[in-house]
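Everything below belongs to model10.cif, which stores mmCIF, C-alpha atoms.
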data_start
loop_
_atom_site.label_atom_id
_atom_site.label_comp_id
_atom_site.auth_asym_id
_atom_site.auth_seq_id
_atom_site.Cartn_x
_atom_site.Cartn_y
_atom_site.Cartn_z
CA MET A 1 -4.13 -13.58 -12.79
CA GLU A 2 -0.46 -12.82 -12.21
CA THR A 3 1.33 -14.68 -9.42
CA SER A 4 1.98 -11.41 -7.58
CA GLU A 5 -1.76 -10.64 -7.68
CA PHE A 6 -2.51 -14.15 -6.43
CA ARG A 7 -0.18 -13.73 -3.46
CA LEU A 8 -1.54 -10.26 -2.67
CA GLY A 9 -5.08 -11.66 -2.63
CA ARG A 10 -4.08 -14.27 -0.08
CA LEU A 11 -3.34 -11.49 2.43
CA PHE A 12 -7.04 -10.57 2.56
CA ALA A 13 -9.82 -12.59 4.19
CA LYS A 14 -12.38 -13.98 1.74
CA GLU A 15 -15.33 -12.98 3.93
CA THR A 16 -14.37 -9.34 4.59
CA GLY A 17 -11.83 -8.48 1.91
CA ARG A 18 -9.65 -7.02 4.68
CA THR A 19 -6.39 -7.81 6.44
CA MET A 20 -4.77 -7.11 9.81
CA ILE A 21 -0.96 -7.04 9.74
CA VAL A 22 1.48 -6.30 12.57
CA ALA A 23 4.57 -4.27 11.65
CA PHE A 24 7.70 -5.19 13.59
CA ASP A 25 10.44 -3.63 11.45
CA ARG A 26 11.04 -0.48 13.51
CA GLY A 27 14.49 -1.57 14.65
CA LEU A 28 15.83 -0.86 11.15
CA GLY A 29 15.42 2.88 11.49
CA ALA A 30 14.75 3.71 15.13
CA SER A 31 14.70 2.29 18.63
CA ALA A 32 12.56 -0.76 19.38
CA LYS A 33 12.68 -0.15 23.13
CA GLY A 34 9.50 -0.22 25.13
CA GLY A 35 8.35 -3.67 24.10
CA GLY A 36 10.48 -4.78 21.19
CA GLU A 37 13.60 -5.83 23.07
CA SER A 38 12.81 -9.56 22.82
CA ALA A 39 12.12 -10.05 19.13
CA LYS A 40 11.18 -13.71 19.50
CA SER A 41 8.59 -12.86 22.15
CA VAL A 42 6.97 -10.29 19.87
CA VAL A 43 6.85 -12.68 16.93
CA LYS A 44 5.34 -15.36 19.17
CA ALA A 45 2.66 -12.92 20.37
CA VAL A 46 1.76 -12.01 16.78
CA VAL A 47 1.59 -15.65 15.74
CA ASP A 48 -0.57 -16.51 18.77
CA SER A 49 -2.91 -13.59 18.06
CA GLY A 50 -4.14 -14.90 14.72
CA ALA A 51 -2.97 -11.80 12.82
CA ASP A 52 -3.12 -12.14 9.05
CA GLY A 53 0.44 -10.99 8.49
CA ILE A 54 3.65 -9.75 10.07
CA LEU A 55 6.15 -7.25 8.64
CA LEU A 56 9.76 -8.06 9.50
CA SER A 57 13.28 -7.02 8.55
CA PRO A 58 15.40 -9.55 6.65
CA GLY A 59 17.43 -10.39 9.73
CA LEU A 60 14.43 -10.93 12.01
CA LEU A 61 12.79 -13.18 9.44
CA GLU A 62 15.87 -15.37 9.35
CA ARG A 63 15.73 -15.68 13.14
CA SER A 64 11.98 -16.29 13.28
CA ARG A 65 11.36 -19.00 10.70
CA ASP A 66 10.88 -21.66 13.37
CA GLN A 67 7.87 -19.72 14.72
CA LEU A 68 6.38 -19.06 11.28
CA ALA A 69 6.78 -22.46 9.62
CA HIS A 70 3.29 -23.87 10.09
CA ARG A 71 -0.08 -23.75 8.35
CA ASN A 72 -1.77 -21.12 10.52
CA ALA A 73 1.16 -18.73 10.77
CA PRO A 74 0.69 -15.17 9.50
CA ALA A 75 1.87 -14.22 6.02
CA VAL A 76 5.37 -12.76 6.00
CA LEU A 77 6.06 -9.30 4.60
CA VAL A 78 9.71 -8.25 4.38
CA ARG A 79 11.05 -4.71 4.57
CA THR A 80 13.59 -4.42 1.77
CA ASP A 81 14.77 -0.83 2.21
CA PHE A 82 16.12 1.58 4.81
CA VAL A 83 15.35 5.21 5.50
CA PHE A 84 17.78 7.24 7.57
CA LEU A 85 16.16 10.09 9.45
CA GLY A 86 18.75 11.61 11.74
CA ALA A 87 16.18 12.84 14.23
CA LEU A 88 15.23 9.21 15.01
CA GLN A 89 18.77 8.17 15.93
CA PRO A 90 20.20 8.21 19.48
CA ASN A 91 21.43 11.60 20.61
CA GLY A 92 24.97 12.33 19.53
CA THR A 93 25.19 9.58 16.92
CA SER A 94 24.08 11.43 13.79
CA GLY A 95 23.19 14.71 12.19
CA GLU A 96 19.84 15.70 10.75
CA GLY A 97 20.37 13.97 7.39
CA GLU A 98 17.68 12.20 5.39
CA GLU A 99 18.88 9.30 3.24
CA TYR A 100 17.31 6.36 1.45
CA ARG A 101 18.83 3.00 0.52
CA ARG A 102 17.57 -0.29 -0.82
CA LEU A 103 18.82 -3.24 1.25
CA ILE A 104 17.86 -6.42 -0.62
CA ASP A 105 16.14 -7.19 -3.90
CA ALA A 106 12.98 -9.20 -4.54
CA ARG A 107 14.81 -12.42 -5.37
CA GLU A 108 16.65 -12.26 -2.06
CA ALA A 109 13.37 -11.59 -0.25
CA ALA A 110 11.76 -14.57 -1.97
CA ALA A 111 14.69 -16.74 -0.94
CA LEU A 112 14.16 -15.63 2.67
CA GLY A 113 10.56 -16.84 2.47
CA ALA A 114 8.68 -13.56 1.91
CA ASP A 115 5.05 -13.54 0.77
CA ALA A 116 5.34 -9.83 -0.13
CA ILE A 117 7.90 -7.04 0.02
CA VAL A 118 7.49 -3.57 1.53
CA MET A 119 9.29 -0.34 0.62
CA PHE A 120 9.00 3.33 1.55
CA LEU A 121 8.04 6.23 -0.70
CA ILE A 122 8.70 9.39 1.28
CA LEU A 123 7.80 12.94 0.25
CA GLY A 124 9.16 16.17 1.70
CA ASN A 125 12.89 15.43 1.79
CA PRO A 126 14.98 18.63 1.66
CA ASP A 127 17.13 17.07 -1.08
CA ASP A 128 14.95 16.30 -4.11
CA SER A 129 17.49 13.79 -5.41
CA VAL A 130 16.68 11.55 -2.42
CA THR A 131 13.03 11.49 -3.49
CA ALA A 132 14.00 10.83 -7.11
CA ASP A 133 16.25 7.93 -6.08
CA ASN A 134 13.44 6.57 -3.91
CA CYS A 135 11.04 6.63 -6.89
CA ARG A 136 13.54 4.85 -9.11
CA ALA A 137 14.14 2.17 -6.48
CA VAL A 138 10.41 1.52 -6.09
CA ALA A 139 9.85 1.25 -9.84
CA ARG A 140 12.72 -1.21 -10.26
CA ALA A 141 11.61 -3.23 -7.25
CA ALA A 142 8.08 -3.54 -8.63
CA ARG A 143 9.36 -5.06 -11.89
CA GLU A 144 11.72 -7.41 -10.07
CA ALA A 145 9.08 -8.44 -7.53
CA HIS A 146 6.57 -9.33 -10.21
CA GLU A 147 9.20 -11.38 -12.04
CA VAL A 148 9.46 -13.65 -8.99
CA GLY A 149 5.73 -13.55 -8.20
CA LEU A 150 5.79 -11.25 -5.16
CA PRO A 151 3.53 -8.24 -4.59
CA LEU A 152 5.04 -4.89 -3.63
CA ILE A 153 3.40 -2.87 -0.84
CA VAL A 154 4.65 0.74 -0.71
CA GLU A 155 4.54 2.72 2.52
CA THR A 156 3.60 6.21 1.36
CA VAL A 157 4.42 8.81 3.99
CA LEU A 158 5.04 12.54 4.37
CA TRP A 159 8.03 12.23 6.65
CA GLY A 160 10.51 14.61 5.05
CA SER A 161 11.53 17.62 7.13
CA ARG A 162 9.89 20.00 4.65
CA VAL A 163 6.46 18.61 5.55
CA LYS A 164 4.27 20.66 7.87
CA ASP A 165 1.29 18.24 8.02
CA GLN A 166 1.80 14.49 7.69
CA THR A 167 -1.97 13.97 7.32
CA ASP A 168 -2.45 16.36 4.38
CA ALA A 169 -5.03 14.68 2.13
CA GLU A 170 -3.90 16.25 -1.14
CA ALA A 171 -0.30 15.21 -0.57
CA LEU A 172 -1.39 11.68 0.38
CA ILE A 173 -3.53 11.46 -2.76
CA TYR A 174 -0.50 12.44 -4.83
CA VAL A 175 2.01 10.08 -3.19
CA ASN A 176 -0.41 7.14 -3.30
CA ARG A 177 -1.07 7.67 -7.00
CA LEU A 178 2.67 8.04 -7.57
CA ALA A 179 3.29 4.71 -5.85
CA ALA A 180 0.69 3.01 -8.02
CA GLU A 181 2.17 4.57 -11.16
CA LEU A 182 5.58 3.20 -10.15
CA GLY A 183 4.12 -0.30 -9.84
CA ALA A 184 2.91 -0.74 -6.25
CA ASP A 185 0.28 -3.45 -5.74
CA ALA A 186 -0.96 -1.84 -2.50
CA VAL A 187 -0.07 1.10 -0.29
CA LYS A 188 0.31 1.53 3.44
CA THR A 189 -0.44 5.12 4.40
CA GLN A 190 -1.48 7.62 7.05
CA TYR A 191 -5.05 8.19 8.24
CA THR A 192 -5.98 11.83 7.67
CA GLY A 193 -7.94 11.95 10.91
CA ASP A 194 -11.21 12.65 9.12
CA VAL A 195 -13.52 10.17 7.38
CA ALA A 196 -14.51 12.50 4.54
CA THR A 197 -10.94 13.39 3.52
CA MET A 198 -9.80 9.80 4.02
CA ARG A 199 -12.56 8.58 1.72
CA GLU A 200 -11.24 11.01 -0.89
CA VAL A 201 -7.75 9.57 -0.44
CA VAL A 202 -9.07 6.02 -0.82
CA ASP A 203 -11.17 6.92 -3.88
CA ASN A 204 -8.13 8.43 -5.58
CA THR A 205 -5.83 5.49 -4.84
CA PRO A 206 -6.10 2.84 -7.60
CA VAL A 207 -4.70 0.00 -5.47
CA PRO A 208 -5.75 -1.42 -2.06
CA LEU A 209 -5.01 0.98 0.78
CA LEU A 210 -3.86 -0.15 4.22
CA LEU A 211 -3.55 2.05 7.30
CA LEU A 212 -0.35 2.55 9.26
CA GLY A 213 -0.64 2.78 13.01
CA GLY A 214 1.64 5.70 13.84
CA PRO A 215 2.99 6.53 17.30
CA LYS A 216 1.99 4.55 20.37
CA THR A 217 -1.20 5.69 22.09
CA ASP A 218 -2.36 4.67 25.57
CA ASP A 219 -6.01 5.36 24.74
CA MET A 220 -7.30 2.05 23.37
CA ASN A 221 -10.82 3.40 22.99
CA ALA A 222 -9.60 6.27 20.83
CA MET A 223 -7.49 3.89 18.74
CA ARG A 224 -10.50 1.64 18.15
CA ALA A 225 -12.65 4.62 17.21
CA ASN A 226 -10.05 6.00 14.78
CA THR A 227 -9.55 2.56 13.27
CA THR A 228 -13.29 2.07 12.80
CA ASP A 229 -13.60 5.50 11.15
CA ALA A 230 -10.66 4.85 8.85
CA LEU A 231 -11.99 1.46 7.80
CA SER A 232 -15.37 3.02 7.06
CA SER A 233 -13.65 5.23 4.49
CA GLY A 234 -12.83 2.18 2.38
CA ALA A 235 -9.40 1.20 3.69
CA ARG A 236 -8.73 -2.52 3.24
CA GLY A 237 -7.00 -3.14 6.56
CA LEU A 238 -4.27 -2.26 9.03
CA VAL A 239 -0.51 -2.47 9.33
CA TYR A 240 -0.07 -1.49 12.99
CA GLY A 241 3.25 -1.63 14.81
CA ARG A 242 3.95 0.09 18.11
CA ASN A 243 0.30 0.09 19.13
CA VAL A 244 0.53 -3.70 19.12
CA TRP A 245 4.02 -4.71 20.22
CA GLN A 246 4.36 -1.91 22.79
CA ALA A 247 0.99 -2.78 24.35
CA ASP A 248 0.87 -4.42 27.79
CA ASP A 249 -0.50 -7.56 26.13
CA PRO A 250 0.52 -7.57 22.44
CA ALA A 251 -1.32 -10.80 21.58
CA ALA A 252 -4.59 -9.60 23.11
CA THR A 253 -4.29 -6.19 21.42
CA ALA A 254 -3.63 -7.82 18.06
CA ARG A 255 -6.65 -10.10 18.54
CA THR A 256 -8.83 -7.09 19.36
CA LEU A 257 -7.71 -5.28 16.21
CA HIS A 258 -8.09 -8.43 14.11
CA ASP A 259 -11.67 -8.85 15.32
CA LEU A 260 -12.37 -5.17 14.65
CA VAL A 261 -11.00 -5.30 11.10
CA HIS A 262 -13.04 -8.35 10.22
CA SER A 263 -16.30 -7.23 11.81
CA VAL A 264 -16.72 -3.58 10.82
#
With the file now loaded, output its structure as structure tokens.
Amino acid sequence: METSEFRLGRLFAKETGRTMIVAFDRGLGASAKGGGESAKSVVKAVVDSGADGILLSPGLLERSRDQLAHRNAPAVLVRTDFVFLGALQPNGTSGEGEEYRRLIDAREAAALGADAIVMFLILGNPDDSVTADNCRAVARAAREAHEVGLPLIVETVLWGSRVKDQTDAEALIYVNRLAAELGADAVKTQYTGDVATMREVVDNTPVPLLLLGGPKTDDMNAMRANTTDALSSGARGLVYGRNVWQADDPAATARTLHDLVHSV
């Protein structure tokens, strides 16, 4: 067993084979208002909730080590890249450009204390060279991560402005397979909204598949139902962001989702 495989396995519970991770890296590419203003408070809520992992930016990890340096703390995933989508920036500060950049390499992430690294793989950019550069960055990062014993989780999304349907199963099947071919150890991707098509996505993805949470919803019952359906398709867990840290009680919401993941 490779060290990267060993570390990836430690993200998943022995009893269920699943994981529940909270993503709190939104401030890199968009506003974290509406619950994310106090980063330390969010990290504390995640730690208190018993979540299996937390996804942070390099800077937030550096400022949160004191809350994560104990035996029962969640595993730390570090976002190592940056996607610029002009539409997500404050009005008047940018155009409609779509750019991709790598921020830190795997050795730097390991030095920060990461248990895994996370990168985007985005389809649908109007400039195909952005997609090509993104693929090259993921492939290089996979090799470098494995050299230092870290797994690479790739967030496979259809966010480019060419895309008409971000839940398109055939496109998700393609981008997930592409991520695996480039060296991803797991993917974080969109729920199609339908169990049958999501099962097809899972069956065609040769690495563990985790679900991203998407935009904030105020309907907790609907979120639980969608999560249960998605998990029944074979997904191995969640990486939910705004639906946790923008909730009225982030720790309680994370506990609810953790219990759901490990009981379905």
_Let me make sure I understand: among A:Glu155, A:Asp127, A:Asp133, A:Asp115, which one has the smallest atom-to-atom distance to A:Glu5 if we use all atoms listed in the file?_
A:Asp115
*asked:* For the provided coordinates, the residues matched by the PyMOL selection byres ((chain A and resi 35) around 12) should be stated as a PyMOL selection string.
replied: chain A and resi 24+26-27+31-34+36-43+45+216+241-250
_Measuring between all atoms listed in the file, which one of A:Gly97, A:Gly237, A:Gly9, A:Gly214 shows the shortest distance to A:Thr167?_
A:Gly214
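Proximity of A:Tyr191, A:Phe120, A:Phe84, A:Tyr240 to A:Leu152, computed with only C-alpha atoms, is greatest for A:Phe120.
Pairwise distance (atom CA of A:Val47, atom CA of A:Met20) equals 12.2 Å.
Distance check against A:Ala142 using all atoms listed in the file: of A:Ala110, A:Ile117, A:Leu123, A:Leu158, the minimum falls on A:Ile117.
Residues matching the PyMOL selection byres ((chain A and resi 203) around 12) in this structure come to Ala169, Leu172, Ile173, Asn176, Arg177, Val195, Ala196, Thr197, Met198, Arg199, Glu200, Val201, Val202, Asn204, Thr205, Pro206, Val207, Pro208, Leu209, Ser233, Gly234 and Ala235 of chain A.
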Given the selection you just returned, output its residues as a file containing C-alpha atoms, formatted as a PDB file, in the coordinates of the input.
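Output (result-v3.pdb):
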ATOM      1  CA  ALA A 169      -5.030  14.680   2.130  1.00  0.00           C
ATOM      2  CA  LEU A 172      -1.390  11.680   0.380  1.00  0.00           C
ATOM      3  CA  ILE A 173      -3.530  11.460  -2.760  1.00  0.00           C
ATOM      4  CA  ASN A 176      -0.410   7.140  -3.300  1.00  0.00           C
ATOM      5  CA  ARG A 177      -1.070   7.670  -7.000  1.00  0.00           C
ATOM      6  CA  VAL A 195     -13.520  10.170   7.380  1.00  0.00           C
ATOM      7  CA  ALA A 196     -14.510  12.500   4.540  1.00  0.00           C
ATOM      8  CA  THR A 197     -10.940  13.390   3.520  1.00  0.00           C
ATOM      9  CA  MET A 198      -9.800   9.800   4.020  1.00  0.00           C
ATOM     10  CA  ARG A 199     -12.560   8.580   1.720  1.00  0.00           C
ATOM     11  CA  GLU A 200     -11.240  11.010  -0.890  1.00  0.00           C
ATOM     12  CA  VAL A 201      -7.750   9.570  -0.440  1.00  0.00           C
ATOM     13  CA  VAL A 202      -9.070   6.020  -0.820  1.00  0.00           C
ATOM     14  CA  ASN A 204      -8.130   8.430  -5.580  1.00  0.00           C
ATOM     15  CA  THR A 205      -5.830   5.490  -4.840  1.00  0.00           C
ATOM     16  CA  PRO A 206      -6.100   2.840  -7.600  1.00  0.00           C
ATOM     17  CA  VAL A 207      -4.700   0.000  -5.470  1.00  0.00           C
ATOM     18  CA  PRO A 208      -5.750  -1.420  -2.060  1.00  0.00           C
ATOM     19  CA  LEU A 209      -5.010   0.980   0.780  1.00  0.00           C
ATOM     20  CA  SER A 233     -13.650   5.230   4.490  1.00  0.00           C
ATOM     21  CA  GLY A 234     -12.830   2.180   2.380  1.00  0.00           C
ATOM     22  CA  ALA A 235      -9.400   1.200   3.690  1.00  0.00           C
TER      23      ALA A 235
END
_Residue IDs satisfying the PyMOL selection byres ((chain A and resi 157) around 12), as JSON, numbers by chain_ = {"A": [83, 119, 120, 121, 122, 123, 124, 125, 131, 154, 155, 156, 158, 159, 160, 161, 163, 165, 166, 167, 168, 169, 171, 172, 173, 174, 175, 176, 178, 179, 187, 188, 189, 190, 191, 192, 211, 212, 213, 214]}
*Suppose you want the space between atom CA of A:Glu98 and atom CA of A:Ala114; what is it in Å?*
27.5 Å
*In Å to one decimal, how far is atom CA of A:Leu150 from atom CA of A:Thr3?*
7.1 Å
*Using only C-alpha atoms, find all polymer residues with an atom at most 12 Å away from the point (15.1, -13.8, 2.9); report them as a PyMOL selection string.*
chain A and resi 56-65+76-80+103-117
*asked:* So that I can check the surroundings of A:Lys44, please list as an MDAnalysis selection string every protein, DNA and RNA residue that reaches within 9 Å of it, counting all atoms listed in the file and ignoring chain neighbours fewer than 6 positions away.
replied: chainID A and resid 64 67:68 251
Residues just named, written with C-alpha atoms as a JSON list (two decimals), keeping the file's coordinate frame:
[["chain", "number", "residue", "atom", "x", "y", "z"],
["A", 64, "SER", "CA", 11.98, -16.29, 13.28],
["A", 67, "GLN", "CA", 7.87, -19.72, 14.72],
["A", 68, "LEU", "CA", 6.38, -19.06, 11.28],
["A", 251, "ALA", "CA", -1.32, -10.80, 21.58]]
*For A:Pro74, please output as a ChimeraX atom specification all residues within 7 Å (counting only C-alpha atoms; exclusion window: fewer than 6 positions along the same chain).*
/A:47,51-54
*Using only C-alpha atoms, which residues sit within 9 Å of A:Asn134 once same-chain residues fewer than 2 positions away are excluded, as a PyMOL selection string?*
chain A and resi 100-102+120-122+129-132+136-139
